[in-house]
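Student: The structure is given below, and queries will be raised subsequently.
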Amino acid sequence: METTLKIINEAVKKDKTALAFSGGSDSMVLLDILYRRTDARPPIVFADSQMEHPDTLPFIEKVCRQYGAELHIAKA
């Protein structure tokens, strides 16, 4: 975990960052690490292809509310 946190902290210091969030397990883990284990609070970007399962967007909105994350939705 130390190496992961070091990489994340170095990355967010260098540039403006955002987190691409699909609601899947990988992006959920990264969101959790960022918001619970670092001071970074990047905005969250969901790329809405308009072909997702109907529960996907409500889930993403709920997760972002719980973490206090700023959500941006990019529609195809």
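Labels for the structure tokens follow display order: chains A, B, ..., residues from 1 in each chain, ligands from 1.
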Report as a CSV table (one decimal) with N, CA, C and O atoms, in the first residue's frame all protein, DNA and RNA residues lying within 9 Å of A:Ala47, evaluated on only C-alpha atoms, omitting residues in the same chain fewer than 5 positions from it.
Tutor:
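Printed below is out-v4.csv as written:
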chain,number,residue,atom,x,y,z
A,20,ALA,N,-11.4,8.9,-13.9
A,20,ALA,CA,-12.4,8.3,-14.7
A,20,ALA,C,-13.0,7.1,-13.9
A,20,ALA,O,-12.3,6.2,-13.5
A,21,PHE,N,-14.3,7.2,-13.7
A,21,PHE,CA,-15.0,6.3,-12.9
A,21,PHE,C,-16.1,5.6,-13.6
A,21,PHE,O,-17.0,6.2,-14.1
A,22,SER,N,-16.0,4.3,-13.7
A,22,SER,CA,-17.1,3.5,-14.4
A,22,SER,C,-18.1,2.9,-13.5
A,22,SER,O,-19.1,2.4,-13.9
A,72,HIS,N,-18.7,14.7,-12.8
A,72,HIS,CA,-18.9,15.3,-14.2
A,72,HIS,C,-19.3,14.1,-15.1
A,72,HIS,O,-18.7,13.0,-15.0
A,73,ILE,N,-20.4,14.3,-15.8
A,73,ILE,CA,-20.8,13.2,-16.7
A,73,ILE,C,-20.6,13.7,-18.2
A,73,ILE,O,-21.1,14.7,-18.6
A,74,ALA,N,-19.8,12.8,-18.9
A,74,ALA,CA,-19.5,13.1,-20.3
A,74,ALA,C,-20.4,12.1,-21.1
A,74,ALA,O,-20.2,10.9,-21.0
A,75,LYS,N,-21.3,12.6,-21.9
A,75,LYS,CA,-22.2,11.8,-22.7
A,75,LYS,C,-21.6,11.6,-24.1
A,75,LYS,O,-21.1,12.5,-24.7
A,76,ALA,N,-21.8,10.4,-24.6
A,76,ALA,CA,-21.3,10.1,-25.9
A,76,ALA,C,-22.3,10.8,-26.9
A,76,ALA,O,-23.4,11.0,-26.7
Student: DSSP on the backbone, then: every residue of stretch 25-69 of chain A marked alpha helix (DSSP H), written as a PyMOL selection string.
Tutor: chain A and resi 25-37+56-67
Student: Can you write out the residues you just picked, keeping N, CA, C and O atoms, as a short mmCIF file (atom, residue, chain, number, x, y, z; two decimals), in the first residue's frame?
Tutor:
data_model
loop_
_atom_site.label_atom_id
_atom_site.label_comp_id
_atom_site.auth_asym_id
_atom_site.auth_seq_id
_atom_site.Cartn_x
_atom_site.Cartn_y
_atom_site.Cartn_z
N SER A 25 -15.29 -2.45 -10.23
CA SER A 25 -14.47 -2.73 -9.05
C SER A 25 -13.13 -2.01 -9.06
O SER A 25 -12.69 -1.49 -8.03
N ASP A 26 -12.45 -1.94 -10.21
CA ASP A 26 -11.14 -1.28 -10.25
C ASP A 26 -11.25 0.21 -9.95
O ASP A 26 -10.49 0.75 -9.13
N SER A 27 -12.20 0.89 -10.60
CA SER A 27 -12.31 2.33 -10.35
C SER A 27 -12.86 2.60 -8.95
O SER A 27 -12.54 3.62 -8.34
N MET A 28 -13.66 1.68 -8.41
CA MET A 28 -14.16 1.85 -7.05
C MET A 28 -13.02 1.78 -6.04
O MET A 28 -12.96 2.59 -5.10
N VAL A 29 -12.11 0.84 -6.23
CA VAL A 29 -10.96 0.72 -5.34
C VAL A 29 -10.10 1.98 -5.41
O VAL A 29 -9.68 2.52 -4.38
N LEU A 30 -9.84 2.48 -6.61
CA LEU A 30 -9.02 3.67 -6.75
C LEU A 30 -9.70 4.89 -6.12
O LEU A 30 -9.06 5.68 -5.43
N LEU A 31 -11.00 5.05 -6.33
CA LEU A 31 -11.73 6.14 -5.70
C LEU A 31 -11.62 6.05 -4.18
O LEU A 31 -11.36 7.05 -3.50
N ASP A 32 -11.80 4.87 -3.64
CA ASP A 32 -11.72 4.68 -2.19
C ASP A 32 -10.33 5.02 -1.65
O ASP A 32 -10.20 5.71 -0.64
N ILE A 33 -9.30 4.56 -2.33
CA ILE A 33 -7.93 4.88 -1.90
C ILE A 33 -7.71 6.39 -1.94
O ILE A 33 -7.19 6.97 -0.98
N LEU A 34 -8.08 7.02 -3.04
CA LEU A 34 -7.88 8.47 -3.17
C LEU A 34 -8.59 9.26 -2.07
O LEU A 34 -7.99 10.14 -1.45
N TYR A 35 -9.83 8.94 -1.82
CA TYR A 35 -10.63 9.74 -0.91
C TYR A 35 -10.48 9.35 0.57
O TYR A 35 -10.79 10.15 1.44
N ARG A 36 -10.00 8.15 0.84
CA ARG A 36 -9.84 7.73 2.23
C ARG A 36 -8.40 7.75 2.71
O ARG A 36 -8.16 7.88 3.91
N ARG A 37 -7.44 7.62 1.79
CA ARG A 37 -6.05 7.47 2.21
C ARG A 37 -5.14 8.60 1.77
O ARG A 37 -3.96 8.59 2.08
N THR A 56 -26.61 1.89 -13.37
CA THR A 56 -25.23 2.35 -13.29
C THR A 56 -25.12 3.80 -12.85
O THR A 56 -24.40 4.12 -11.90
N LEU A 57 -25.80 4.71 -13.53
CA LEU A 57 -25.69 6.13 -13.20
C LEU A 57 -26.19 6.43 -11.79
O LEU A 57 -25.50 7.13 -11.04
N PRO A 58 -27.34 5.90 -11.36
CA PRO A 58 -27.75 6.14 -9.97
C PRO A 58 -26.71 5.64 -8.96
O PRO A 58 -26.48 6.27 -7.92
N PHE A 59 -26.07 4.50 -9.26
CA PHE A 59 -25.04 3.97 -8.36
C PHE A 59 -23.85 4.93 -8.31
O PHE A 59 -23.34 5.25 -7.22
N ILE A 60 -23.40 5.41 -9.46
CA ILE A 60 -22.26 6.32 -9.51
C ILE A 60 -22.58 7.61 -8.76
O ILE A 60 -21.76 8.12 -8.01
N GLU A 61 -23.77 8.14 -8.96
CA GLU A 61 -24.17 9.35 -8.25
C GLU A 61 -24.19 9.14 -6.74
O GLU A 61 -23.73 9.99 -5.97
N LYS A 62 -24.68 7.99 -6.31
CA LYS A 62 -24.73 7.67 -4.88
C LYS A 62 -23.32 7.57 -4.29
O LYS A 62 -23.04 8.13 -3.23
N VAL A 63 -22.43 6.87 -4.98
CA VAL A 63 -21.05 6.73 -4.51
C VAL A 63 -20.39 8.10 -4.39
O VAL A 63 -19.75 8.40 -3.38
N CYS A 64 -20.55 8.93 -5.40
CA CYS A 64 -19.93 10.26 -5.38
C CYS A 64 -20.48 11.11 -4.23
O CYS A 64 -19.73 11.82 -3.57
N ARG A 65 -21.77 11.02 -3.98
CA ARG A 65 -22.36 11.74 -2.83
C ARG A 65 -21.75 11.25 -1.52
O ARG A 65 -21.41 12.05 -0.64
N GLN A 66 -21.60 9.93 -1.38
CA GLN A 66 -21.06 9.37 -0.14
C GLN A 66 -19.63 9.83 0.11
O GLN A 66 -19.25 10.01 1.26
N TYR A 67 -18.85 9.99 -0.93
CA TYR A 67 -17.46 10.43 -0.78
C TYR A 67 -17.33 11.95 -0.85
O TYR A 67 -16.24 12.48 -0.64
#
Student: Which polymer residues have any atom within 12 Å of an atom of A:Lys13, counting only C-alpha atoms, with same-chain residues fewer than 2 positions away left out, as a PyMOL selection string?
Tutor: chain A and resi 6-11+15-17+38-42
Student: Take the residues from that selection and write them out as an mmCIF file, in the first residue's frame, keeping N, CA and C atoms.
Tutor:
data_model
loop_
_atom_site.group_PDB
_atom_site.id
_atom_site.type_symbol
_atom_site.label_atom_id
_atom_site.label_comp_id
_atom_site.auth_asym_id
_atom_site.auth_seq_id
_atom_site.Cartn_x
_atom_site.Cartn_y
_atom_site.Cartn_z
ATOM 1 N N LYS A 6 2.378 6.314 -2.581
ATOM 2 C CA LYS A 6 3.465 7.166 -3.077
ATOM 3 C C LYS A 6 3.234 7.541 -4.541
ATOM 4 N N ILE A 7 2.868 6.559 -5.351
ATOM 5 C CA ILE A 7 2.612 6.812 -6.775
ATOM 6 C C ILE A 7 1.437 7.779 -6.947
ATOM 7 N N ILE A 8 0.362 7.541 -6.221
ATOM 8 C CA ILE A 8 -0.812 8.411 -6.322
ATOM 9 C C ILE A 8 -0.472 9.832 -5.894
ATOM 10 N N ASN A 9 0.182 9.983 -4.764
ATOM 11 C CA ASN A 9 0.514 11.322 -4.266
ATOM 12 C C ASN A 9 1.433 12.073 -5.225
ATOM 13 N N GLU A 10 2.393 11.380 -5.822
ATOM 14 C CA GLU A 10 3.275 12.032 -6.795
ATOM 15 C C GLU A 10 2.500 12.453 -8.038
ATOM 16 N N ALA A 11 1.589 11.617 -8.483
ATOM 17 C CA ALA A 11 0.815 11.921 -9.691
ATOM 18 C C ALA A 11 -0.097 13.122 -9.479
ATOM 19 N N ASP A 15 0.146 17.359 -11.763
ATOM 20 C CA ASP A 15 -0.807 17.918 -12.712
ATOM 21 C C ASP A 15 -2.196 17.953 -12.111
ATOM 22 N N LYS A 16 -3.056 18.716 -12.776
ATOM 23 C CA LYS A 16 -4.470 18.626 -12.432
ATOM 24 C C LYS A 16 -4.926 17.229 -12.803
ATOM 25 N N THR A 17 -5.634 16.610 -11.920
ATOM 26 C CA THR A 17 -6.059 15.246 -12.184
ATOM 27 C C THR A 17 -7.566 15.115 -12.070
ATOM 28 N N THR A 38 -5.671 9.575 1.008
ATOM 29 C CA THR A 38 -4.855 10.717 0.576
ATOM 30 C C THR A 38 -5.655 12.004 0.776
ATOM 31 N N ASP A 39 -4.981 13.113 0.578
ATOM 32 C CA ASP A 39 -5.656 14.414 0.632
ATOM 33 C C ASP A 39 -6.206 14.822 -0.727
ATOM 34 N N ALA A 40 -5.936 14.026 -1.743
ATOM 35 C CA ALA A 40 -6.378 14.353 -3.103
ATOM 36 C C ALA A 40 -7.900 14.251 -3.194
ATOM 37 N N ARG A 41 -8.492 15.206 -3.879
ATOM 38 C CA ARG A 41 -9.935 15.200 -4.113
ATOM 39 C C ARG A 41 -10.213 15.542 -5.573
ATOM 40 N N PRO A 42 -9.740 14.677 -6.482
ATOM 41 C CA PRO A 42 -9.957 14.980 -7.897
ATOM 42 C C PRO A 42 -11.426 14.860 -8.260
#
Student: Can you list every residue in chain A that DSSP puts in strand (DSSP E or B), as a ChimeraX atom specification?
Tutor: /A:19-20,44-48,71-75
Student: As a list in words, please: the residues near A:Leu71 (cut-off 7 Å, only C-alpha atoms, same-chain neighbours under 6 positions excluded).
Tutor: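 Close residues of A:Leu71: Pro43, Ile44, Val45 and Cys64 of chain A.
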Student: Tell me, in Å to one decimal, how far atom CA of A:Phe46 is from atom CA of A:Ala69.
Tutor: 12.0 Å
